[in-house]
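Listing of target_19.txt, compact mmCIF, C-alpha atoms and all ligand atoms
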```
# COMPACT_ATOMS: atom_id res chain seq x y z
CA MET H 1 14.97 37.53 36.14
CA LEU H 2 11.36 36.83 36.81
CA ASP H 3 9.16 39.88 37.04
CA THR H 4 6.71 39.04 39.78
CA SER H 5 4.36 41.85 38.83
CA TYR H 6 3.25 39.80 35.81
CA GLN H 7 -0.02 37.88 36.05
CA ILE H 8 -1.29 34.76 34.32
CA SER H 9 -4.48 36.10 32.82
CA LEU H 10 -5.84 37.38 29.55
CA ALA H 11 -7.19 40.44 31.36
CA PHE H 12 -3.70 41.30 32.56
CA ALA H 13 -2.28 40.87 29.05
CA LYS H 14 -4.94 43.19 27.68
CA GLN H 15 -4.14 45.75 30.37
CA MET H 16 -0.48 45.63 29.34
CA ASP H 17 -1.53 46.23 25.74
CA GLU H 18 -3.58 49.24 26.72
CA LYS H 19 -0.55 50.75 28.43
CA ASP H 20 1.75 49.96 25.49
CA GLU H 21 2.69 53.21 23.76
CA LEU H 22 3.65 51.29 20.59
CA ARG H 23 0.32 49.47 20.27
CA LYS H 24 -0.84 51.49 17.26
CA TYR H 25 1.95 50.01 15.12
CA ARG H 26 0.27 46.59 15.09
CA SER H 27 -2.45 48.04 12.86
CA GLN H 28 0.19 49.16 10.38
CA PHE H 29 1.04 45.56 9.51
CA HIS H 30 -0.83 42.81 7.69
CA LEU H 31 -1.42 39.97 10.14
CA PRO H 32 -1.84 36.64 8.34
CA LEU H 33 -5.38 35.32 8.82
CA GLN H 34 -6.59 31.84 9.68
CA LYS H 35 -9.43 30.22 7.75
CA ASN H 36 -11.86 31.41 10.41
CA GLY H 37 -10.86 35.01 9.72
CA GLU H 38 -9.01 35.41 13.02
CA PRO H 39 -5.37 36.50 12.82
CA TYR H 40 -2.73 33.88 13.52
CA ILE H 41 -0.70 34.28 16.68
CA TYR H 42 2.37 35.22 14.66
CA LEU H 43 5.57 34.73 16.66
CA CYS H 44 7.89 34.11 13.75
CA GLY H 45 9.19 37.61 13.04
CA ASN H 46 12.69 36.26 13.72
CA SER H 47 12.30 34.22 10.54
CA LEU H 48 10.18 36.44 8.30
CA GLY H 49 8.82 39.77 9.51
CA LEU H 50 5.29 40.80 8.56
CA GLN H 51 4.39 43.13 5.72
CA PRO H 52 3.97 46.81 6.58
CA LYS H 53 0.77 48.09 4.98
CA SER H 54 2.78 50.98 3.51
CA THR H 55 4.99 48.66 1.47
CA ARG H 56 2.51 48.10 -1.36
CA SER H 57 2.23 51.78 -2.22
CA ALA H 58 6.00 52.21 -1.95
CA LEU H 59 6.45 49.52 -4.59
CA GLU H 60 3.63 50.92 -6.70
CA GLN H 61 5.33 54.31 -6.74
CA GLU H 62 8.43 52.82 -8.35
CA LEU H 63 6.40 50.73 -10.82
CA GLU H 64 4.48 53.84 -11.76
CA ASP H 65 7.62 55.92 -12.26
CA TRP H 66 9.20 53.17 -14.35
CA LYS H 67 6.00 52.94 -16.40
CA ASN H 68 5.84 56.69 -17.02
CA LEU H 69 9.49 57.66 -17.19
CA GLY H 70 11.54 54.69 -18.35
CA VAL H 71 15.23 55.41 -18.00
CA GLU H 72 14.49 59.02 -17.05
CA GLY H 73 13.40 57.68 -13.67
CA HIS H 74 17.05 57.53 -12.67
CA PHE H 75 16.87 61.31 -12.33
CA HIS H 76 13.20 62.26 -12.43
CA ALA H 77 11.36 59.60 -10.47
CA LYS H 78 9.70 60.92 -7.32
CA ASN H 79 12.57 59.20 -5.54
CA PRO H 80 15.32 59.27 -8.16
CA TRP H 81 16.88 55.86 -8.67
CA MET H 82 20.43 57.12 -9.13
CA PRO H 83 20.98 58.04 -5.47
CA TYR H 84 18.13 55.77 -4.24
CA HIS H 85 20.20 53.70 -1.79
CA GLU H 86 21.21 56.90 -0.02
CA PHE H 87 17.59 57.51 1.05
CA LEU H 88 17.84 54.44 3.30
CA THR H 89 21.23 55.01 4.83
CA GLU H 90 20.48 57.29 7.74
CA ALA H 91 17.57 55.23 9.07
CA MET H 92 19.52 52.00 8.58
CA ALA H 93 22.51 53.47 10.41
CA LYS H 94 20.29 54.41 13.35
CA VAL H 95 18.85 50.91 13.58
CA VAL H 96 22.30 49.34 13.89
CA GLY H 97 24.02 52.17 15.78
CA ALA H 98 26.51 53.28 13.14
CA LYS H 99 27.56 56.44 11.34
CA PRO H 100 25.77 56.82 8.00
CA SER H 101 29.10 56.54 6.19
CA GLU H 102 29.59 53.09 7.71
CA VAL H 103 26.38 51.53 6.41
CA VAL H 104 25.00 50.50 3.05
CA VAL H 105 22.01 48.40 1.99
CA MET H 106 23.03 46.05 -0.82
CA ASN H 107 22.86 42.47 -2.11
CA THR H 108 21.75 39.73 0.27
CA LEU H 109 23.21 38.45 3.50
CA THR H 110 25.43 35.53 2.50
CA VAL H 111 26.68 37.42 -0.55
CA ASN H 112 27.65 40.33 1.69
CA LEU H 113 29.34 37.98 4.13
CA HIS H 114 31.52 36.72 1.28
CA LEU H 115 32.32 40.25 0.14
CA MET H 116 33.35 41.21 3.66
CA MET H 117 35.51 38.12 4.01
CA VAL H 118 37.27 38.99 0.76
CA SER H 119 38.37 42.18 2.52
CA PHE H 120 38.76 41.01 6.10
CA TYR H 121 39.83 37.37 5.90
CA GLN H 122 43.41 37.57 4.71
CA PRO H 123 45.23 34.43 5.85
CA LYS H 124 49.00 34.98 6.03
CA GLY H 125 51.84 33.00 7.55
CA LYS H 126 50.64 31.28 10.67
CA ARG H 127 47.55 33.49 10.96
CA THR H 128 45.12 31.49 8.81
CA LYS H 129 42.15 30.57 10.97
CA ILE H 130 38.54 31.63 11.32
CA LEU H 131 36.90 31.41 14.73
CA ILE H 132 33.19 30.57 14.47
CA GLU H 133 30.40 29.10 16.61
CA ALA H 134 30.06 25.32 16.39
CA ASP H 135 26.33 25.82 15.89
CA ALA H 136 26.63 28.81 13.57
CA PHE H 137 23.87 29.21 11.00
CA PRO H 138 24.76 26.74 8.22
CA SER H 139 25.12 29.41 5.53
CA ASP H 140 27.74 31.24 7.62
CA LYS H 141 29.71 28.07 8.08
CA TYR H 142 29.56 27.21 4.37
CA ALA H 143 30.71 30.74 3.56
CA ALA H 144 33.64 30.50 5.98
CA GLN H 145 34.66 27.02 4.80
CA SER H 146 34.54 28.00 1.15
CA GLN H 147 36.57 31.16 1.80
CA ILE H 148 39.21 29.02 3.48
CA ARG H 149 39.30 26.67 0.47
CA PHE H 150 39.36 29.68 -1.86
CA HIS H 151 42.69 30.63 -0.27
CA GLY H 152 44.01 27.12 -0.95
CA LEU H 153 43.65 26.07 2.68
CA ASP H 154 41.78 23.25 4.38
CA PRO H 155 38.78 23.98 6.63
CA LYS H 156 39.85 21.02 8.77
CA ASP H 157 42.94 22.99 9.79
CA CYS H 158 41.57 26.51 9.61
CA LEU H 159 38.18 26.55 11.30
CA ILE H 160 38.11 26.82 15.09
CA GLU H 161 34.62 26.05 16.40
CA LEU H 162 33.40 27.43 19.71
CA LYS H 163 31.50 24.75 21.59
CA ALA H 164 29.39 25.13 24.70
CA ARG H 165 30.53 23.47 27.90
CA LYS H 166 29.43 19.93 28.51
CA GLY H 167 25.77 19.88 29.48
CA GLU H 168 25.27 23.53 28.40
CA VAL H 169 23.75 24.98 25.24
CA CYS H 170 24.91 28.61 25.30
CA LEU H 171 28.51 29.77 25.13
CA GLN H 172 30.19 31.48 28.06
CA HIS H 173 31.93 34.75 27.24
CA GLU H 174 34.93 33.77 29.36
CA ASP H 175 35.38 30.66 27.22
CA ILE H 176 35.35 32.78 24.06
CA GLN H 177 37.92 35.05 25.65
CA GLN H 178 40.10 32.09 26.56
CA VAL H 179 40.08 30.66 23.03
CA ILE H 180 41.03 34.08 21.66
CA GLU H 181 43.82 34.35 24.25
CA GLU H 182 45.17 30.91 23.41
CA HIS H 183 44.79 30.88 19.63
CA GLY H 184 44.61 34.59 18.78
CA ASP H 185 47.86 34.72 16.86
CA GLU H 186 46.63 31.99 14.51
CA ILE H 187 43.21 33.58 14.01
CA ALA H 188 42.79 35.84 10.97
CA LEU H 189 39.07 36.42 11.51
CA ILE H 190 36.59 36.07 14.35
CA LEU H 191 33.13 35.62 12.84
CA LEU H 192 30.20 35.25 15.20
CA GLY H 193 26.46 35.68 14.98
CA ASN H 194 25.81 38.54 17.33
CA THR H 195 22.56 36.90 18.40
CA ASN H 196 22.58 33.16 17.86
CA TYR H 197 19.72 32.03 15.64
CA TYR H 198 19.11 28.84 17.61
CA THR H 199 19.61 29.75 21.27
CA GLY H 200 18.77 33.45 21.00
CA GLN H 201 21.96 34.20 22.98
CA TYR H 202 23.41 37.68 22.47
CA PHE H 203 27.16 38.18 22.37
CA ASN H 204 28.91 41.26 23.67
CA MET H 205 30.39 42.60 20.45
CA LYS H 206 32.45 45.29 22.14
CA LYS H 207 34.25 42.86 24.42
CA ILE H 208 34.82 40.26 21.72
CA SER H 209 36.12 42.93 19.33
CA ALA H 210 38.54 44.20 21.98
CA TRP H 211 39.80 40.68 22.76
CA GLY H 212 40.24 39.94 19.06
CA HIS H 213 41.92 43.21 18.18
CA ALA H 214 44.35 42.88 21.09
CA LYS H 215 45.55 39.70 19.39
CA GLY H 216 45.65 41.20 15.91
CA CYS H 217 42.54 39.41 14.60
CA LYS H 218 39.87 41.00 12.44
CA VAL H 219 36.38 40.78 13.94
CA GLY H 220 33.05 40.59 12.10
CA PHE H 221 29.49 39.81 13.17
CA ASP H 222 26.48 38.35 11.44
CA CYS H 223 23.68 40.43 12.89
CA ALA H 224 20.80 38.67 11.08
CA HIS H 225 19.09 38.02 14.42
CA GLY H 226 20.20 41.28 16.01
CA ALA H 227 19.31 43.99 13.50
CA GLY H 228 15.95 45.52 14.34
CA ASN H 229 15.75 43.26 17.39
CA MET H 230 17.97 45.18 19.76
CA PRO H 231 20.24 48.24 19.63
CA LEU H 232 23.60 47.06 18.29
CA ASN H 233 25.90 50.09 18.64
CA LEU H 234 28.06 48.74 15.83
CA HIS H 235 30.32 51.77 15.59
CA ASP H 236 30.99 51.81 19.28
CA SER H 237 31.55 48.05 19.39
CA GLY H 238 34.63 48.62 17.27
CA CYS H 239 34.14 45.51 15.12
CA ASP H 240 35.60 45.66 11.63
CA PHE H 241 32.46 44.69 9.78
CA ALA H 242 28.95 43.40 10.23
CA VAL H 243 26.32 42.00 7.89
CA TRP H 244 22.61 41.36 8.33
CA CYS H 245 19.43 40.65 6.43
CA ASN H 246 16.40 42.91 6.42
CA TYR H 247 13.65 40.31 6.20
CA LYS H 248 13.65 39.04 9.79
CA TYR H 249 13.05 41.71 12.44
CA LEU H 250 13.28 44.41 9.75
CA ASN H 251 10.17 43.41 7.78
CA ALA H 252 11.44 44.15 4.27
CA GLY H 253 9.98 41.02 2.68
CA PRO H 254 11.09 37.51 1.69
CA GLY H 255 14.69 37.36 0.47
CA SER H 256 14.98 41.13 0.68
CA MET H 257 18.26 42.99 0.49
CA GLY H 258 20.90 42.86 3.19
CA GLY H 259 22.89 45.47 5.06
CA VAL H 260 26.59 45.95 5.59
CA PHE H 261 28.61 47.86 8.17
CA VAL H 262 32.27 48.66 7.59
CA HIS H 263 33.95 50.53 10.41
CA GLU H 264 35.16 53.97 9.33
CA ARG H 265 38.76 53.12 10.19
CA HIS H 266 38.85 51.09 6.96
CA HIS H 267 37.28 53.63 4.62
CA HIS H 268 40.49 55.22 3.39
CA ASP H 269 42.59 52.07 3.30
CA LYS H 270 43.37 51.57 -0.37
CA THR H 271 45.42 48.43 0.33
CA LEU H 272 42.37 46.48 1.46
CA PRO H 273 41.47 43.76 -1.04
CA ARG H 274 37.92 44.10 -2.32
CA LEU H 275 35.75 42.85 -5.15
CA GLU H 276 34.86 45.99 -7.04
CA GLY H 277 32.15 47.25 -9.35
CA TRP H 278 31.05 50.57 -10.80
CA TRP H 279 28.62 51.41 -7.98
CA GLY H 280 31.53 51.57 -5.54
CA HIS H 281 33.32 54.13 -7.69
CA ASN H 282 33.48 57.87 -6.98
CA LYS H 283 30.01 59.20 -7.83
CA ALA H 284 31.37 62.32 -9.55
CA THR H 285 33.25 60.34 -12.20
CA ARG H 286 31.28 57.09 -12.29
CA PHE H 287 29.81 57.78 -15.72
CA LYS H 288 33.04 58.76 -17.39
CA MET H 289 33.57 55.01 -17.47
CA ARG H 290 37.28 55.37 -18.02
CA ASP H 291 39.07 56.17 -14.83
CA ALA H 292 40.75 53.55 -12.72
CA PHE H 293 38.62 52.46 -9.78
CA ASP H 294 38.36 55.30 -7.31
CA PRO H 295 36.54 53.96 -4.24
CA ILE H 296 33.94 56.08 -2.47
CA PRO H 297 35.48 56.64 0.97
CA THR H 298 32.50 55.05 2.77
CA ALA H 299 30.93 51.60 3.05
CA GLU H 300 29.45 52.36 -0.40
CA ALA H 301 32.81 51.39 -1.91
CA TRP H 302 31.73 47.76 -1.47
CA GLN H 303 28.67 48.21 -3.68
CA MET H 304 29.05 46.51 -7.03
CA SER H 305 25.89 46.92 -9.12
CA ASN H 306 23.23 49.54 -9.44
CA PRO H 307 20.69 48.31 -6.90
CA PRO H 308 17.27 46.67 -7.41
CA ILE H 309 14.95 49.60 -6.76
CA LEU H 310 11.80 47.49 -6.23
CA ALA H 311 13.50 45.48 -3.51
CA MET H 312 14.96 48.58 -1.99
CA ALA H 313 11.57 50.30 -1.86
CA ALA H 314 10.38 47.59 0.53
CA VAL H 315 13.41 48.05 2.78
CA TRP H 316 12.85 51.79 2.83
CA SER H 317 9.15 51.60 3.69
CA SER H 318 9.96 49.36 6.64
CA LEU H 319 12.85 51.54 7.81
CA LYS H 320 10.53 54.53 7.96
CA LEU H 321 8.62 52.78 10.74
CA PHE H 322 11.81 52.00 12.65
CA ASP H 323 12.90 55.59 12.25
CA GLU H 324 9.61 56.79 13.67
CA VAL H 325 9.64 54.47 16.69
CA GLY H 326 13.37 54.25 17.42
CA MET H 327 15.27 51.21 18.68
CA ASN H 328 15.22 52.32 22.32
CA LYS H 329 11.44 52.23 22.59
CA LEU H 330 11.31 48.95 20.71
CA ARG H 331 13.89 47.46 23.03
CA THR H 332 12.03 48.61 26.15
CA LYS H 333 8.84 46.96 24.95
CA ALA H 334 10.72 43.86 23.77
CA ILE H 335 12.25 43.27 27.19
CA SER H 336 8.84 43.46 28.78
CA LEU H 337 7.13 41.31 26.12
CA THR H 338 9.74 38.56 26.16
CA GLY H 339 9.84 38.78 29.96
CA TYR H 340 6.12 38.10 30.00
CA LEU H 341 6.52 35.15 27.66
CA GLU H 342 9.25 33.77 29.91
CA PHE H 343 7.10 34.25 33.01
CA LEU H 344 4.16 32.40 31.48
CA VAL H 345 6.14 29.55 29.97
CA LYS H 346 8.12 29.03 33.17
CA SER H 347 4.87 28.65 35.08
CA LEU H 348 4.35 25.40 33.15
CA GLY H 349 7.04 23.85 35.31
CA GLU H 350 10.65 22.82 34.88
CA ASP H 351 9.71 19.19 34.48
CA VAL H 352 7.85 20.14 31.28
CA ILE H 353 9.89 22.90 29.67
CA ASN H 354 13.38 24.29 29.70
CA ILE H 355 14.18 27.69 28.18
CA ILE H 356 17.63 27.42 26.60
CA THR H 357 17.88 31.15 25.88
CA PRO H 358 19.80 33.05 28.60
CA ALA H 359 17.58 34.31 31.44
CA ASP H 360 19.41 37.64 31.63
CA PRO H 361 17.62 40.12 29.29
CA LYS H 362 21.01 41.70 28.51
CA LEU H 363 22.10 38.41 26.95
CA ARG H 364 19.14 37.92 24.65
CA GLY H 365 16.84 39.72 22.25
CA SER H 366 13.15 39.03 21.64
CA GLN H 367 13.43 35.32 20.98
CA LEU H 368 13.03 32.48 23.47
CA SER H 369 14.02 28.97 22.47
CA ILE H 370 11.82 26.64 24.44
CA GLN H 371 12.79 23.03 24.84
CA VAL H 372 9.75 20.88 25.54
CA LYS H 373 10.70 17.75 27.40
CA ASN H 374 9.59 14.46 25.85
CA ALA H 375 7.91 16.31 23.00
CA ASP H 376 8.16 15.68 19.30
CA LYS H 377 6.91 17.49 16.24
CA THR H 378 3.31 16.38 16.81
CA LEU H 379 3.11 18.96 19.61
CA PHE H 380 4.27 21.65 17.21
CA ASP H 381 1.76 20.50 14.59
CA LYS H 382 -1.01 20.77 17.16
CA ILE H 383 -0.16 24.31 18.21
CA THR H 384 0.11 25.29 14.56
CA LYS H 385 -3.38 23.93 14.01
CA ALA H 386 -4.55 25.97 16.97
CA GLY H 387 -3.43 29.17 15.24
CA VAL H 388 0.19 29.68 16.29
CA ILE H 389 2.92 30.44 13.76
CA ALA H 390 6.29 29.72 15.38
CA ASP H 391 9.33 27.69 14.42
CA TRP H 392 10.31 24.11 15.26
CA ARG H 393 13.88 22.88 15.46
CA GLU H 394 14.51 19.17 15.81
CA PRO H 395 14.55 17.41 18.13
CA ASP H 396 12.46 19.35 20.67
CA VAL H 397 12.85 23.13 20.48
CA ILE H 398 10.18 25.73 19.68
CA ARG H 399 11.62 29.12 18.77
CA VAL H 400 9.22 31.94 19.57
CA ALA H 401 9.86 35.63 19.02
CA PRO H 402 7.28 38.19 20.09
CA VAL H 403 8.26 41.25 18.06
CA ALA H 404 7.89 44.64 19.73
CA MET H 405 6.85 46.38 16.51
CA TYR H 406 3.61 44.43 16.04
CA ASN H 407 3.10 41.69 18.62
CA SER H 408 0.92 42.21 21.67
CA PHE H 409 0.91 40.89 25.21
CA GLU H 410 -2.34 39.22 24.24
CA ASP H 411 -0.48 37.30 21.48
CA VAL H 412 1.95 36.09 24.12
CA PHE H 413 -0.82 35.04 26.48
CA ARG H 414 -2.73 33.24 23.72
CA PHE H 415 0.41 31.37 22.70
CA TYR H 416 0.88 30.27 26.29
CA SER H 417 -2.74 29.07 26.52
CA VAL H 418 -2.43 27.07 23.29
CA LEU H 419 0.85 25.53 24.41
CA LYS H 420 -0.58 24.65 27.79
CA ASP H 421 -3.75 23.12 26.33
CA ASN H 422 -1.76 20.98 23.95
CA LEU H 423 0.63 19.78 26.61
CA GLY H 424 -2.43 18.32 28.30
CA LEU H 425 -1.76 20.24 31.51
CA LYS H 426 -4.61 21.00 33.87
CA ASP H 427 -4.94 23.98 36.17
C1 LIG I 501 18.76 34.14 8.27
C2 LIG I 501 20.21 33.92 8.31
C3 LIG I 501 20.94 33.65 7.14
C4 LIG I 501 20.27 33.56 5.78
O1 LIG I 501 21.15 33.99 4.78
P1 LIG I 501 20.60 34.56 3.38
O2 LIG I 501 21.83 34.85 2.63
O3 LIG I 501 19.77 35.78 3.67
O4 LIG I 501 19.76 33.49 2.76
C5 LIG I 501 22.32 33.49 7.26
N1 LIG I 501 22.93 33.56 8.47
C6 LIG I 501 22.25 33.80 9.62
C7 LIG I 501 22.96 33.87 10.92
C8 LIG I 501 20.87 33.96 9.56
O5 LIG I 501 20.19 34.18 10.70
```

Write out the structure in this file as structure tokens.
Amino acid sequence: MLDTSYQISLAFAKQMDEKDELRKYRSQFHLPLQKNGEPYIYLCGNSLGLQPKSTRSALEQELEDWKNLGVEGHFHAKNPWMPYHEFLTEAMAKVVGAKPSEVVVMNTLTVNLHLMMVSFYQPKGKRTKILIEADAFPSDKYAAQSQIRFHGLDPKDCLIELKARKGEVCLQHEDIQQVIEEHGDEIALILLGNTNYYTGQYFNMKKISAWGHAKGCKVGFDCAHGAGNMPLNLHDSGCDFAVWCNYKYLNAGPGSMGGVFVHERHHHDKTLPRLEGWWGHNKATRFKMRDAFDPIPTAEAWQMSNPPILAMAAVWSSLKLFDEVGMNKLRTKAISLTGYLEFLVKSLGEDVINIITPADPKLRGSQLSIQVKNADKTLFDKITKAGVIADWREPDVIRVAPVAMYNSFEDVFRFYSVLKDNLGLKD
């Protein structure tokens, strides 16, 4: 959908920025600077989000309390470490559209994916398979394959890969539905990225969960590229579990902790297999250290260790910003910002570029994956030199994600100008 009210000019982009009610948030982030002192045009928040300026003092608070209080910080720190993870839960739940009891921040993404598969991938009888995207993020595929082998099965027999139609890059929902219809009674787990990392395509989690559940499959989503990017409504989607990282759109820092959603329908199921540790145990009796494992009847039951407070402080400081702005406002701006990017890039002509991300804003988040015809990495190196930080995927795709929290319409326009200049196109 091309918005014809957009204009190809820096003045127009600046006007859009003036009207942007979220524009003040840009100044709350550190923008990486080029050698000339100008900020980079940073369009890589889908890979690593920028540092909120508030994060340093959040970390310093915990260092200070550790310095002054030692072990007493568990109870007497400004933000006591014992219940620390609970401080994050409500804001995290709002970001992903879940009940607070369904969400916990813990571990890292691939670790959490494994922990969820321990509970929700239970091959039995003829139901042994995992349905996954053919171009799933490699870590997700390795996790799925190794879980299959862990159960003594062979990934060659037990992994069903969803492939796009011939000549297409994105999957069609009706094709996903058809595979579930045809193979559903052999599928133990449907595991999809809710927004594909490569194409930027968004999948309808509610529909896929309903199709899967109707066939008796468990359904989980990797929301690494969805969390903080668009509202996810995880509870309402009905999926069994979801996992995500907090360092992409959620700005919690390199390798930061991940998040987990477990639908409340599973919270009281004591037959569910799970890898357990003391932090998942009933908080009232955790320190008696004797009782048999008594799981907290929330997603917290999947916690194993007492959490890394320094890492968690960075997640919390970022979540405070999301809590203040809210996903709906971010999404409204994101649709407009990415729409502007699409409008500008499309003006370069179909013989030069092809956007492989779906054109329907409902089927994508902030990211556009732009295929540049007859280009190679030298083009990408040139735009990098000209001050753009984006992401290159061989053989010819630039992934660009203007992020509503801190990117501007001017960023988008400047990216377009740099791309155009380096394609050697003339007005
Ligand atoms: C970013 C990303 C990962 C990275 O996993 P880590 O465990 O955080 O290193 C995995 N899967 C998907 C879909 C991703 O987008």

Which residues sit within 8 Å of ligand LIG 501 (chain I), counting only C-alpha atoms and all ligand atoms, listed as a ChimeraX atom specification? /H:47,108-111,136-140,193,196-197,222-225,244-245,248,255-256,258

For range 65-96 of chain H against range 278-298 of chain H, with a cut-off of 12 Å and counting all atoms listed in the file, what is the closest atom pair and its distance in Å to one decimal for every residue that makes the cut, ordered by chain and number, as a Markdown table?
```
| residue | atom | partner | partner_atom | distance |
| --- | --- | --- | --- | --- |
| H:Met82 | CA | H:Lys283 | CA | 9.9 |
| H:Pro83 | CA | H:Lys283 | CA | 9.4 |
| H:Tyr84 | CA | H:Trp279 | CA | 12.0 |
| H:His85 | CA | H:Trp279 | CA | 10.7 |
| H:Glu86 | CA | H:Thr298 | CA | 11.8 |
| H:Thr89 | CA | H:Thr298 | CA | 11.5 |
```

Produce a file of the selected residues containing C-alpha atoms, as an mmCIF file, in the frame of the given file.
```
data_model
loop_
_atom_site.group_PDB
_atom_site.id
_atom_site.type_symbol
_atom_site.label_atom_id
_atom_site.label_comp_id
_atom_site.auth_asym_id
_atom_site.auth_seq_id
_atom_site.Cartn_x
_atom_site.Cartn_y
_atom_site.Cartn_z
ATOM 1 C CA MET H 82 20.430 57.120 -9.130
ATOM 2 C CA PRO H 83 20.980 58.040 -5.470
ATOM 3 C CA TYR H 84 18.130 55.770 -4.240
ATOM 4 C CA HIS H 85 20.200 53.700 -1.790
ATOM 5 C CA GLU H 86 21.210 56.900 -0.020
ATOM 6 C CA THR H 89 21.230 55.010 4.830
#
```

For a quick check of understanding, using all atoms listed in the file, which of H:Val372, H:Lys215, H:Ala313, H:Glu350 has the smallest distance to Ala58 in chain H? H:Ala313

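Between CA of Asn374 in chain H and CA of Gly424 in chain H the interatomic distance comes to 12.9 Å.
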
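Atom pair CA of Ala386 in chain H / CA of Leu31 in chain H: separated by 15.9 Å.
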
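Using all atoms listed in the file, the smallest distance between any of H:Trp81, H:Phe409, H:Tyr142, H:Tyr25 and Val325 in chain H comes from H:Tyr25.
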
Between CA of Arg274 in chain H and CA of Ser101 in chain H, what is the spacing in Å? 17.5 Å

Residue neighbourhood range 157-173 of chain H, 9 Å, all atoms listed in the file, exclusion window fewer than 2 positions, as a PyMOL selection string: chain H and resi 128-136+144-145+148+153-155+175-179+186-187+199-201+203-204+207-208+356-358

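Close contacts of Cys44 in chain H, defined as residues with an atom at most 9 Å away when counting only C-alpha atoms, with chain neighbours fewer than 4 positions off set aside, comprise H:Leu48, H:Gly49, H:Leu50, H:Lys248, H:Ile389, H:Ala390, H:Asp391, H:Arg399, H:Val400, H:Ala401, H:Pro402, H:Val403.
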
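Restricting the calculation to all atoms listed in the file, the smallest distance between Tyr247 in chain H and any of H:Ala188, H:Val260, H:Ala93, H:Val315 is found for H:Val315.
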
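Residue nearest Glu264 in chain H within the list H:His151, H:His76, H:Lys362, H:Lys99: H:Lys99 [criterion: smallest interatomic distance, only C-alpha atoms].
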
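Of the residues listed (H:Val105, H:Ile180, H:Ala301, H:Ile353), H:Val105 shows the shortest atom-to-atom separation from Ala252 in chain H; distances use only C-alpha atoms.
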
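Proximity ranking of H:Ala210, H:Ile8, H:Ala314, H:Val96 relative to Lys53 in chain H places H:Ala314 first, based on all atoms listed in the file.
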
Using all atoms listed in the file, determine which residues lie at most 12 Å from Pro80 in chain H, disregarding the query and same-chain residues fewer than 3 positions distant; provide the list as a PyMOL selection string. chain H and resi 61-62+65-66+69-77+83-87+309+313
